[in-house]
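**Q** Here you go, start.cif (mmCIF, N, CA and C atoms):
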```
data_model
loop_
_atom_site.label_atom_id
_atom_site.label_comp_id
_atom_site.auth_asym_id
_atom_site.auth_seq_id
_atom_site.Cartn_x
_atom_site.Cartn_y
_atom_site.Cartn_z
N MET A 1 0.85 -1.17 0.00
CA MET A 1 0.00 0.00 0.00
C MET A 1 0.90 1.23 0.00
N LYS A 2 0.64 2.13 -0.89
CA LYS A 2 1.43 3.34 -0.95
C LYS A 2 0.88 4.32 0.07
N ILE A 3 1.70 4.65 1.03
CA ILE A 3 1.26 5.49 2.14
C ILE A 3 0.87 6.87 1.65
N LYS A 4 1.62 7.43 0.74
CA LYS A 4 1.31 8.77 0.24
C LYS A 4 -0.05 8.79 -0.45
N SER A 5 -0.34 7.77 -1.25
CA SER A 5 -1.64 7.68 -1.91
C SER A 5 -2.76 7.55 -0.90
N LEU A 6 -2.53 6.76 0.12
CA LEU A 6 -3.52 6.58 1.18
C LEU A 6 -3.79 7.90 1.87
N PHE A 7 -2.73 8.62 2.18
CA PHE A 7 -2.90 9.92 2.84
C PHE A 7 -3.68 10.88 1.97
N LEU A 8 -3.32 10.98 0.71
CA LEU A 8 -4.01 11.91 -0.18
C LEU A 8 -5.47 11.53 -0.34
N THR A 9 -5.76 10.25 -0.45
CA THR A 9 -7.14 9.80 -0.57
C THR A 9 -7.93 10.16 0.68
N ALA A 10 -7.31 10.02 1.83
CA ALA A 10 -8.00 10.30 3.09
C ALA A 10 -8.08 11.79 3.39
N ALA A 11 -7.05 12.53 3.08
CA ALA A 11 -6.98 13.92 3.50
C ALA A 11 -7.65 14.89 2.53
N LEU A 12 -7.63 14.61 1.25
CA LEU A 12 -8.17 15.55 0.28
C LEU A 12 -9.62 15.93 0.56
N PRO A 13 -10.50 14.97 0.77
CA PRO A 13 -11.88 15.37 1.04
C PRO A 13 -12.02 16.27 2.27
N LEU A 14 -11.26 15.99 3.30
CA LEU A 14 -11.35 16.83 4.49
C LEU A 14 -10.73 18.19 4.26
N THR A 15 -9.73 18.26 3.40
CA THR A 15 -9.15 19.55 3.08
C THR A 15 -10.18 20.43 2.40
N LEU A 16 -11.05 19.81 1.63
CA LEU A 16 -12.08 20.57 0.93
C LEU A 16 -13.25 20.94 1.83
N THR A 17 -13.26 20.43 3.02
CA THR A 17 -14.37 20.67 3.95
C THR A 17 -14.59 22.14 4.23
N LEU A 18 -13.53 22.90 4.35
CA LEU A 18 -13.68 24.32 4.68
C LEU A 18 -14.56 25.02 3.65
N ALA A 19 -14.31 24.75 2.39
CA ALA A 19 -15.13 25.36 1.36
C ALA A 19 -16.55 24.78 1.38
N ALA A 20 -16.66 23.54 1.76
CA ALA A 20 -17.96 22.87 1.77
C ALA A 20 -18.89 23.45 2.81
N CYS A 21 -18.35 23.92 3.87
CA CYS A 21 -19.19 24.30 4.99
C CYS A 21 -19.11 25.76 5.35
N SER A 22 -18.44 26.55 4.57
CA SER A 22 -18.39 27.97 4.90
C SER A 22 -19.76 28.56 4.72
N GLY A 23 -20.14 29.42 5.60
CA GLY A 23 -21.49 29.93 5.47
C GLY A 23 -21.74 31.20 6.23
N GLY A 24 -20.74 31.96 6.51
CA GLY A 24 -20.99 33.24 7.12
C GLY A 24 -21.37 33.14 8.58
N SER A 25 -22.37 33.92 8.97
CA SER A 25 -22.67 34.07 10.38
C SER A 25 -23.82 33.20 10.88
N ASN A 26 -24.41 32.38 10.04
CA ASN A 26 -25.48 31.51 10.50
C ASN A 26 -24.93 30.53 11.53
N PRO A 27 -25.56 30.44 12.72
CA PRO A 27 -25.02 29.59 13.77
C PRO A 27 -24.92 28.11 13.39
N ASP A 28 -25.90 27.59 12.66
CA ASP A 28 -25.84 26.18 12.25
C ASP A 28 -24.69 25.94 11.27
N VAL A 29 -24.57 26.81 10.30
CA VAL A 29 -23.49 26.65 9.32
C VAL A 29 -22.15 26.79 10.02
N SER A 30 -22.03 27.76 10.90
CA SER A 30 -20.78 27.95 11.64
C SER A 30 -20.46 26.74 12.51
N ALA A 31 -21.47 26.17 13.15
CA ALA A 31 -21.25 25.01 14.03
C ALA A 31 -20.74 23.82 13.23
N ARG A 32 -21.36 23.53 12.10
CA ARG A 32 -20.88 22.38 11.32
C ARG A 32 -19.52 22.67 10.71
N GLN A 33 -19.27 23.92 10.35
CA GLN A 33 -17.97 24.30 9.82
C GLN A 33 -16.89 24.10 10.89
N ASP A 34 -17.17 24.50 12.10
CA ASP A 34 -16.19 24.36 13.18
C ASP A 34 -15.83 22.90 13.43
N VAL A 35 -16.84 22.03 13.46
CA VAL A 35 -16.57 20.61 13.68
C VAL A 35 -15.73 20.06 12.53
N MET A 36 -16.08 20.40 11.33
CA MET A 36 -15.36 19.86 10.18
C MET A 36 -13.94 20.42 10.09
N LYS A 37 -13.73 21.65 10.54
CA LYS A 37 -12.36 22.17 10.62
C LYS A 37 -11.54 21.33 11.59
N ASP A 38 -12.15 20.99 12.71
CA ASP A 38 -11.45 20.15 13.69
C ASP A 38 -11.17 18.76 13.12
N TRP A 39 -12.11 18.23 12.32
CA TRP A 39 -11.87 16.95 11.67
C TRP A 39 -10.68 17.05 10.72
N LYS A 40 -10.65 18.14 9.97
CA LYS A 40 -9.54 18.35 9.04
C LYS A 40 -8.22 18.36 9.79
N ASP A 41 -8.18 19.04 10.91
CA ASP A 41 -6.95 19.08 11.71
C ASP A 41 -6.55 17.68 12.19
N ALA A 42 -7.52 16.92 12.68
CA ALA A 42 -7.24 15.58 13.16
C ALA A 42 -6.75 14.68 12.03
N MET A 43 -7.40 14.77 10.89
CA MET A 43 -6.96 13.97 9.75
C MET A 43 -5.59 14.41 9.28
N GLY A 44 -5.29 15.70 9.40
CA GLY A 44 -3.96 16.18 9.04
C GLY A 44 -2.87 15.55 9.89
N VAL A 45 -3.14 15.44 11.18
CA VAL A 45 -2.18 14.82 12.10
C VAL A 45 -1.98 13.35 11.72
N MET A 46 -3.08 12.63 11.58
CA MET A 46 -2.98 11.20 11.27
C MET A 46 -2.43 10.96 9.87
N GLY A 47 -2.89 11.76 8.92
CA GLY A 47 -2.40 11.62 7.56
C GLY A 47 -0.93 11.96 7.44
N GLY A 48 -0.49 12.94 8.23
CA GLY A 48 0.93 13.28 8.24
C GLY A 48 1.77 12.11 8.71
N MET A 49 1.27 11.40 9.70
CA MET A 49 1.98 10.21 10.19
C MET A 49 1.97 9.10 9.14
N ALA A 50 0.88 8.98 8.42
CA ALA A 50 0.80 7.97 7.37
C ALA A 50 1.78 8.29 6.25
N GLU A 51 1.92 9.57 5.96
CA GLU A 51 2.82 9.99 4.89
C GLU A 51 4.29 9.91 5.32
N ALA A 52 4.55 10.16 6.58
CA ALA A 52 5.92 10.13 7.11
C ALA A 52 5.94 9.20 8.32
N PRO A 53 5.98 7.90 8.09
CA PRO A 53 5.87 6.93 9.18
C PRO A 53 6.88 7.11 10.31
N ASP A 54 8.01 7.75 10.03
CA ASP A 54 8.99 7.97 11.08
C ASP A 54 8.49 8.98 12.13
N THR A 55 7.41 9.67 11.82
CA THR A 55 6.81 10.63 12.77
C THR A 55 5.68 9.99 13.58
N PHE A 56 5.43 8.72 13.36
CA PHE A 56 4.30 8.04 14.02
C PHE A 56 4.42 8.13 15.53
N ASP A 57 3.35 8.62 16.14
CA ASP A 57 3.23 8.72 17.59
C ASP A 57 1.90 8.07 17.94
N LEU A 58 1.95 6.86 18.47
CA LEU A 58 0.75 6.09 18.73
C LEU A 58 -0.25 6.86 19.59
N ALA A 59 0.21 7.50 20.64
CA ALA A 59 -0.70 8.22 21.55
C ALA A 59 -1.41 9.36 20.82
N LYS A 60 -0.69 10.10 19.98
CA LYS A 60 -1.32 11.20 19.23
C LYS A 60 -2.32 10.65 18.22
N PHE A 61 -1.94 9.56 17.57
CA PHE A 61 -2.85 8.97 16.59
C PHE A 61 -4.13 8.52 17.30
N GLN A 62 -3.96 7.85 18.42
CA GLN A 62 -5.12 7.37 19.18
C GLN A 62 -6.00 8.53 19.62
N GLU A 63 -5.39 9.60 20.07
CA GLU A 63 -6.15 10.78 20.52
C GLU A 63 -6.99 11.36 19.38
N ASN A 64 -6.39 11.47 18.20
CA ASN A 64 -7.11 12.04 17.06
C ASN A 64 -8.18 11.10 16.53
N ALA A 65 -7.90 9.81 16.52
CA ALA A 65 -8.91 8.83 16.10
C ALA A 65 -10.09 8.85 17.06
N GLN A 66 -9.81 8.94 18.34
CA GLN A 66 -10.88 9.00 19.34
C GLN A 66 -11.71 10.26 19.16
N PHE A 67 -11.04 11.38 18.91
CA PHE A 67 -11.77 12.62 18.67
C PHE A 67 -12.73 12.49 17.48
N LEU A 68 -12.24 11.93 16.38
CA LEU A 68 -13.11 11.77 15.21
C LEU A 68 -14.32 10.92 15.55
N ALA A 69 -14.09 9.81 16.22
CA ALA A 69 -15.19 8.90 16.56
C ALA A 69 -16.19 9.57 17.49
N GLU A 70 -15.70 10.31 18.46
CA GLU A 70 -16.59 10.94 19.43
C GLU A 70 -17.34 12.14 18.87
N SER A 71 -16.80 12.76 17.84
CA SER A 71 -17.46 13.94 17.27
C SER A 71 -18.17 13.66 15.95
N ALA A 72 -18.14 12.40 15.51
CA ALA A 72 -18.69 12.04 14.20
C ALA A 72 -20.19 12.27 14.07
N ASN A 73 -20.88 12.42 15.19
CA ASN A 73 -22.33 12.64 15.13
C ASN A 73 -22.70 14.12 15.25
N LYS A 74 -21.75 14.99 15.45
CA LYS A 74 -22.06 16.38 15.80
C LYS A 74 -22.58 17.28 14.67
N PRO A 75 -22.01 17.29 13.49
CA PRO A 75 -22.44 18.32 12.54
C PRO A 75 -23.80 18.08 11.90
N TRP A 76 -24.26 16.86 11.91
CA TRP A 76 -25.46 16.52 11.14
C TRP A 76 -26.71 17.23 11.65
N THR A 77 -26.77 17.52 12.92
CA THR A 77 -27.94 18.22 13.46
C THR A 77 -27.94 19.69 13.07
N HIS A 78 -26.86 20.15 12.48
CA HIS A 78 -26.76 21.56 12.07
C HIS A 78 -27.10 21.75 10.59
N PHE A 79 -27.76 20.79 10.02
CA PHE A 79 -28.27 20.92 8.65
C PHE A 79 -29.79 21.03 8.74
N ASN A 80 -30.26 22.01 9.48
CA ASN A 80 -31.69 22.17 9.72
C ASN A 80 -32.39 23.06 8.71
N ASP A 81 -31.81 24.16 8.38
CA ASP A 81 -32.47 25.19 7.58
C ASP A 81 -31.94 25.14 6.15
N GLN A 82 -32.76 24.66 5.24
CA GLN A 82 -32.28 24.54 3.87
C GLN A 82 -32.09 25.89 3.19
N ASN A 83 -32.50 26.96 3.84
CA ASN A 83 -32.21 28.29 3.31
C ASN A 83 -30.80 28.74 3.69
N GLN A 84 -30.15 27.99 4.55
CA GLN A 84 -28.78 28.28 4.98
C GLN A 84 -27.86 27.17 4.45
N LEU A 85 -27.62 27.21 3.17
CA LEU A 85 -26.86 26.15 2.54
C LEU A 85 -25.39 26.13 2.95
N GLY A 86 -24.81 27.30 3.14
CA GLY A 86 -23.35 27.30 3.31
C GLY A 86 -22.76 26.69 2.05
N GLY A 87 -21.95 25.68 2.19
CA GLY A 87 -21.37 24.99 1.04
C GLY A 87 -22.11 23.73 0.67
N ALA A 88 -23.23 23.49 1.32
CA ALA A 88 -24.02 22.28 1.03
C ALA A 88 -24.89 22.50 -0.20
N THR A 89 -25.25 21.40 -0.84
CA THR A 89 -26.19 21.47 -1.95
C THR A 89 -27.60 21.24 -1.42
N GLU A 90 -28.58 21.54 -2.23
CA GLU A 90 -29.97 21.31 -1.84
C GLU A 90 -30.26 19.83 -1.65
N ALA A 91 -29.40 18.97 -2.19
CA ALA A 91 -29.60 17.52 -2.07
C ALA A 91 -29.58 17.06 -0.61
N VAL A 92 -28.96 17.84 0.27
CA VAL A 92 -28.98 17.50 1.70
C VAL A 92 -30.43 17.33 2.15
N TRP A 93 -31.32 18.16 1.63
CA TRP A 93 -32.72 18.14 2.03
C TRP A 93 -33.59 17.37 1.05
N THR A 94 -33.29 17.43 -0.23
CA THR A 94 -34.13 16.73 -1.21
C THR A 94 -33.82 15.24 -1.27
N ASN A 95 -32.64 14.86 -0.82
CA ASN A 95 -32.24 13.45 -0.78
C ASN A 95 -31.78 13.13 0.64
N ALA A 96 -32.62 13.45 1.58
CA ALA A 96 -32.27 13.35 3.01
C ALA A 96 -31.91 11.93 3.44
N ASP A 97 -32.55 10.92 2.86
CA ASP A 97 -32.24 9.54 3.26
C ASP A 97 -30.80 9.18 2.90
N GLU A 98 -30.36 9.56 1.71
CA GLU A 98 -28.98 9.27 1.32
C GLU A 98 -28.00 10.09 2.16
N PHE A 99 -28.35 11.33 2.45
CA PHE A 99 -27.49 12.16 3.29
C PHE A 99 -27.35 11.53 4.68
N LYS A 100 -28.46 11.05 5.22
CA LYS A 100 -28.43 10.38 6.52
C LYS A 100 -27.55 9.13 6.45
N ALA A 101 -27.65 8.38 5.36
CA ALA A 101 -26.83 7.18 5.21
C ALA A 101 -25.34 7.54 5.16
N GLU A 102 -25.01 8.62 4.48
CA GLU A 102 -23.61 9.07 4.44
C GLU A 102 -23.12 9.44 5.84
N ALA A 103 -23.96 10.15 6.59
CA ALA A 103 -23.60 10.54 7.96
C ALA A 103 -23.40 9.30 8.83
N GLU A 104 -24.28 8.34 8.69
CA GLU A 104 -24.15 7.10 9.47
C GLU A 104 -22.89 6.32 9.07
N ASN A 105 -22.58 6.31 7.79
CA ASN A 105 -21.36 5.65 7.33
C ASN A 105 -20.14 6.33 7.95
N PHE A 106 -20.12 7.64 7.98
CA PHE A 106 -18.99 8.35 8.56
C PHE A 106 -18.82 7.98 10.03
N GLN A 107 -19.93 7.91 10.73
CA GLN A 107 -19.86 7.54 12.14
C GLN A 107 -19.31 6.12 12.30
N GLN A 108 -19.70 5.23 11.42
CA GLN A 108 -19.23 3.85 11.48
C GLN A 108 -17.74 3.75 11.18
N VAL A 109 -17.28 4.40 10.11
CA VAL A 109 -15.87 4.26 9.74
C VAL A 109 -14.95 4.97 10.73
N THR A 110 -15.42 6.05 11.34
CA THR A 110 -14.58 6.69 12.36
C THR A 110 -14.52 5.83 13.62
N ALA A 111 -15.61 5.16 13.94
CA ALA A 111 -15.59 4.23 15.08
C ALA A 111 -14.63 3.08 14.81
N GLU A 112 -14.63 2.57 13.58
CA GLU A 112 -13.72 1.49 13.21
C GLU A 112 -12.27 1.95 13.25
N LEU A 113 -12.02 3.17 12.79
CA LEU A 113 -10.67 3.72 12.87
C LEU A 113 -10.23 3.84 14.32
N ASN A 114 -11.11 4.33 15.16
CA ASN A 114 -10.78 4.47 16.58
C ASN A 114 -10.47 3.11 17.21
N THR A 115 -11.29 2.13 16.91
CA THR A 115 -11.04 0.78 17.45
C THR A 115 -9.68 0.26 17.00
N ALA A 116 -9.40 0.43 15.72
CA ALA A 116 -8.10 -0.03 15.20
C ALA A 116 -6.96 0.71 15.89
N ALA A 117 -7.10 2.02 16.04
CA ALA A 117 -6.03 2.81 16.66
C ALA A 117 -5.83 2.44 18.13
N GLN A 118 -6.92 2.26 18.84
CA GLN A 118 -6.81 1.97 20.27
C GLN A 118 -6.22 0.59 20.54
N ASN A 119 -6.34 -0.32 19.58
CA ASN A 119 -5.84 -1.68 19.75
C ASN A 119 -4.53 -1.95 19.03
N ALA A 120 -3.98 -0.94 18.37
CA ALA A 120 -2.78 -1.12 17.56
C ALA A 120 -1.52 -0.82 18.36
N THR A 121 -0.45 -1.34 17.84
CA THR A 121 0.87 -0.97 18.36
C THR A 121 1.74 -0.39 17.26
N THR A 122 1.29 -0.55 16.00
CA THR A 122 2.05 -0.02 14.86
C THR A 122 1.12 0.73 13.92
N LEU A 123 1.71 1.59 13.12
CA LEU A 123 0.96 2.33 12.12
C LEU A 123 0.36 1.39 11.08
N ASP A 124 1.10 0.37 10.70
CA ASP A 124 0.61 -0.57 9.69
C ASP A 124 -0.69 -1.25 10.12
N GLU A 125 -0.89 -1.40 11.40
CA GLU A 125 -2.12 -2.01 11.90
C GLU A 125 -3.32 -1.06 11.76
N ILE A 126 -3.05 0.22 11.68
CA ILE A 126 -4.11 1.24 11.64
C ILE A 126 -4.46 1.67 10.22
N LEU A 127 -3.48 1.70 9.35
CA LEU A 127 -3.67 2.28 8.02
C LEU A 127 -4.88 1.76 7.25
N PRO A 128 -5.19 0.46 7.28
CA PRO A 128 -6.36 0.02 6.53
C PRO A 128 -7.67 0.68 6.99
N ALA A 129 -7.74 1.13 8.21
CA ALA A 129 -8.95 1.77 8.72
C ALA A 129 -8.97 3.28 8.46
N LEU A 130 -7.85 3.85 8.04
CA LEU A 130 -7.80 5.30 7.78
C LEU A 130 -8.45 5.66 6.44
N LYS A 131 -8.19 4.87 5.42
CA LYS A 131 -8.70 5.17 4.08
C LYS A 131 -10.23 5.28 4.03
N PRO A 132 -10.98 4.38 4.65
CA PRO A 132 -12.44 4.51 4.58
C PRO A 132 -12.98 5.83 5.17
N VAL A 133 -12.25 6.42 6.09
CA VAL A 133 -12.69 7.71 6.64
C VAL A 133 -12.63 8.77 5.54
N GLY A 134 -11.50 8.85 4.85
CA GLY A 134 -11.38 9.80 3.74
C GLY A 134 -12.35 9.50 2.62
N ASP A 135 -12.54 8.21 2.33
CA ASP A 135 -13.49 7.80 1.30
C ASP A 135 -14.90 8.23 1.67
N GLY A 136 -15.24 8.13 2.96
CA GLY A 136 -16.57 8.54 3.42
C GLY A 136 -16.80 10.03 3.21
N CYS A 137 -15.78 10.81 3.50
CA CYS A 137 -15.90 12.25 3.28
C CYS A 137 -16.11 12.55 1.79
N GLN A 138 -15.27 11.93 0.97
CA GLN A 138 -15.35 12.16 -0.46
C GLN A 138 -16.71 11.75 -1.03
N SER A 139 -17.20 10.62 -0.61
CA SER A 139 -18.49 10.12 -1.09
C SER A 139 -19.61 11.10 -0.77
N CYS A 140 -19.62 11.59 0.44
CA CYS A 140 -20.65 12.54 0.85
C CYS A 140 -20.52 13.85 0.07
N HIS A 141 -19.29 14.31 -0.09
CA HIS A 141 -19.07 15.58 -0.79
C HIS A 141 -19.48 15.52 -2.26
N GLU A 142 -19.41 14.34 -2.86
CA GLU A 142 -19.77 14.23 -4.27
C GLU A 142 -21.21 14.65 -4.53
N ASP A 143 -22.11 14.33 -3.62
CA ASP A 143 -23.52 14.64 -3.82
C ASP A 143 -24.04 15.79 -2.98
N PHE A 144 -23.37 16.09 -1.89
CA PHE A 144 -23.95 17.02 -0.92
C PHE A 144 -23.13 18.27 -0.67
N LYS A 145 -22.08 18.49 -1.44
CA LYS A 145 -21.25 19.67 -1.30
C LYS A 145 -21.15 20.39 -2.63
N LYS A 146 -21.28 21.69 -2.58
CA LYS A 146 -21.11 22.48 -3.79
C LYS A 146 -19.65 22.38 -4.25
N PRO A 147 -19.43 22.32 -5.55
CA PRO A 147 -18.04 22.29 -6.04
C PRO A 147 -17.34 23.59 -5.68
N ASN A 148 -16.04 23.49 -5.49
CA ASN A 148 -15.24 24.69 -5.24
C ASN A 148 -15.20 25.52 -6.51
N ASP A 149 -15.27 26.81 -6.35
CA ASP A 149 -15.19 27.70 -7.53
C ASP A 149 -13.77 27.97 -7.91
#
```
Would it be possible to restate this file's structure as structure tokens?
**A**
Amino acid sequence: MKIKSLFLTAALPLTLTLAACSGGSNPDVSARQDVMKDWKDAMGVMGGMAEAPDTFDLAKFQENAQFLAESANKPWTHFNDQNQLGGATEAVWTNADEFKAEAENFQQVTAELNTAAQNATTLDEILPALKPVGDGCQSCHEDFKKPND
């Protein structure tokens, strides 16, 4: 497995999160943006370790994986007002069942990453669980995030 490819696959969707969720002063848009910024930071730490394995710090990885898992349910309740899109598309509301499924998938894959990280002793034991987190972000963004201009 090419670590750099894994990192890019996992980190790119989260890097795009800022544009996806920017929305000015609306409290819901700001709340989901704040959570996703924190996710981006956590993925940056873990992805950096995946890209440069000599920087691997198990405790830091575990801390960030735990944060993702514990916060994976937070932003979804802030998609209440379809008049406050931020970077979301109208599909969040018109295709709510699929959006809910994407949110549930994210919660599942972050829980799996956390379990892998908490039970691992090496980076290689964790890496297979990192990619699905990035894939989950990308999948959701394909249908529910406005493209970057």
**Q** Would you compute the distance between atom CA of Asn64 of chain A and atom CA of Asp41 of chain A? Give it in Å to one decimal.
**A**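 Between atom CA of Asn64 of chain A and atom CA of Asp41 of chain A the gap is 8.8 Å.
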**Q** Please, what distance in Å, to one decimal, runs between atom C of Glu63 of chain A and atom CA of Ala42 of chain A?
**A**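 Atom CA of Ala42 of chain A lies 7.5 Å from atom C of Glu63 of chain A.
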**Q** If the PyMOL selection byres (((chain A and resi 57 and name CA) around 12) and name CA) were run on this exact file, what residues would it hold? Put them as number ranges by chain.
**A** A: 45-50, 52-56, 58-64, 117, 120-123
**Q** Quick one: residues within 6.5 Å of Pro75 of chain A, only N, CA and C atoms counted, chain neighbours fewer than 4 positions away excluded, as an NGL selection string?
**A** :A and (31-32 or 35 or 71 or 79)
**Q** Considering only C-alpha atoms, state which residue in the set A:Glu90, A:Leu127, A:Thr115, A:Gln33 is at the smallest distance from Trp76 of chain A.
**A**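 Answer, going by the shortest atom-to-atom distance: A:Gln33.
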**Q** Between A:Gly44, A:Ala91, A:Lys100, A:Asp124, single out the one closest to Lys146 of chain A, counting only C-alpha atoms.
**A**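 Of the candidates, the smallest distance to Lys146 of chain A is held by A:Ala91.
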**Q** I want to know what sits within 6 Å of Ala111 of chain A, based on only N, CA and C atoms, with residues of the same chain fewer than 5 positions away left out; could you give that as a ChimeraX atom specification?
**A** /A:69,106,116
**Q** Write out the residues from the selection above, keeping N, CA and C atoms, as a PDB file, in the coordinates of the input.
**A**
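This is the output file result.pdb:
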```
ATOM      1  N   ALA A  69     -14.090   9.810  16.220  1.00  0.00           N
ATOM      2  CA  ALA A  69     -15.190   8.900  16.560  1.00  0.00           C
ATOM      3  C   ALA A  69     -16.190   9.570  17.490  1.00  0.00           C
ATOM      4  N   PHE A 106     -20.120   7.640   7.980  1.00  0.00           N
ATOM      5  CA  PHE A 106     -18.990   8.350   8.560  1.00  0.00           C
ATOM      6  C   PHE A 106     -18.820   7.980  10.030  1.00  0.00           C
ATOM      7  N   ALA A 116      -9.400   0.430  15.720  1.00  0.00           N
ATOM      8  CA  ALA A 116      -8.100  -0.030  15.200  1.00  0.00           C
ATOM      9  C   ALA A 116      -6.960   0.710  15.890  1.00  0.00           C
TER      10      ALA A 116
END
```
**Q** If I take atom N of Asp143 of chain A and atom CA of Thr89 of chain A, how far is one from the other in Å, to one decimal?
**A** 8.4 Å
**Q** Have a look at A:Ala129, A:His78, A:Ala88, A:Lys145 and name the one nearest to Asp34 of chain A; count only C-alpha atoms.
**A**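 Closest residue, counting only C-alpha atoms: A:His78.
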**Q** Measuring atom to atom with only N, CA and C atoms, identify which of A:Gly87, A:Trp39, A:Leu113, A:Asp81 is nearest to Pro147 of chain A.
**A**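 Counting only N, CA and C atoms, the residue closest to Pro147 of chain A is A:Gly87.
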**Q** Looking at A:Val109, A:Asn73, A:Asn148, A:Gln118, which one is nearest to Leu130 of chain A, with distances taken over all atoms listed in the file?
**A**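 Of A:Val109, A:Asn73, A:Asn148, A:Gln118, the one nearest Leu130 of chain A is A:Val109, counting all atoms listed in the file.
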**Q** Residues of chain A in helix (DSSP H, G or I) according to DSSP, as an MDAnalysis selection string?
**A** chainID A and resid 3:15 17:21 27:51 53:55 58:71 75:78 91:94 96:119 123:144
**Q** Please evaluate the PyMOL selection byres ((chain A and resi 136-140) around 7) against the displayed coordinates and give the resulting residues as a list in words.
**A** Leu12, Pro13, Leu14, Glu102, Asn105, Phe106, Lys131, Pro132, Val133, Gly134, Asp135, His141, Glu142, Asp143, Phe144 and Lys145 of chain A
**Q** Between A:Thr94, A:Thr77, A:Ala72, A:Pro27, which residue has the minimum interatomic distance to Gln108 of chain A, considering only C-alpha atoms?
**A**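 That would be A:Ala72, the residue with the smallest distance to Gln108 of chain A.
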